[in-house]
Amino acid sequence: MVAGGLALAATVVALAGALFYVTVRHATDIKLPIVESLVLSAQQEQTRKTEGFLRENLDAMAIKLGQMQAQLMRLDALGERLSALSGLKPQEFRFNEIPGRGGAISNSVPPRSLSMEDLGRELDSLSRQMENRTDHLGILESTLFDARVKKKLMPTITPVEGSWNASSFGWRIDPITGQHALHEGIDFIADVGTPVFAAAGGVVIFAEHHYQYGNMVEIDHGNDFITRYAHASKLFVKVGDVVQRGRKVASVGSTGRSTGPHLHFEVRYRGVAQNPARFLRAAN
């Protein structure tokens with residue numbers, strides 16, 4: 001009896017399993033409403049899970065893409081500023097255009113499509129590279145800006161409009177005493193009233209009459225550099241004025257120890273007279 005009952009139960013279970021397999025396997029053919037509903041529900045649940053997974057990954061990638069777009073805009077703006085600081089034209093680099101690329105497909109290594117994980121890793125790597133580039137370009141911008149500021153503080157603008165000078169820097173026969181003497185500047189021939197411009201930006205530290213230089217302006221440009229503009233007929237600045245590069249500071253005259261209208265121009269570094277021609281040539 002017991003053995004017969006077990007055999008019957010096993011047969012029932014086997015038939016039920018076979019019936020379930022056949023029903024599920026051929027549900028679409030059998031057209032059983034209950035089974036079709038169960039299968040459809042399972043498929044919909046799997047589809048929802050897949051869509052949810054894809055949506056989460058797409059949302060994460062969209063956030064990363066937005067961050068990279070913002071970084072790219074900063075890089076474009078930084079590139080244009082660097083071009084301007086370095087004296088290059090931004091249009092030469094075409095920051096807003098996608099560069100052309102191409103090449104043949106390799107025959108030795110077959111190409112493959114990126115998976116979601118591969119794409120995510122590539123985006124993360126690219127984002128880190130863009131952050132590093134932004135940091136490095138920021139340092140370069142700061143360096144170029146400092147160099148440009150220092151250049152503006154160097155006396156490289158010709159103080160008067162003229163193509164030649166009457167007396168160069170160095171030893172010469174003094175025009176008044178006839179002695180062999182050191183001339184510590186350059187004399188530019190110009191008419192009385194000709195504008196005199198600051199050769200660089202700085203602060204006026206002297207603006208009055210000197211018994212030898214006549215009416216003179218002296219400008220401190222920082223970094224131990226000073227320029228002098230002597231024998232002026234009129235001064236247009238006073239001590240303490242902050243002057244920009246190219247500002248009119250005086251007019252040519254013949255005051256002080258002078259034989260005629262001209263501008264005596266000096267450049268001094270740590271109190272020692274330098275040849276102004278070295279600085280004026282640096283502007284070319």
# chains A, B, ... in the order shown; residues from 1 in each chain; ligands from 1
>>> residues_around(residues="Trp171 (chain A)", least_positions_apart="5", cutoff="6 Å", atoms="only C-alpha atoms", output="PyMOL selection string")
chain A and resi 181-183
>>> atom_distance(atom1="CA of Asn215 (chain A)", atom2="CA of Val267 (chain A)")
16.9 Å
>>> closest_residue(among="A:Ala230, A:Ala166, A:Leu280, A:Ile105", to="Ile189 (chain A)", atoms="only C-alpha atoms")
A:Ala166
>>> atom_distance(atom1="CA of Ala273 (chain A)", atom2="CA of Gly178 (chain A)")
21.6 Å
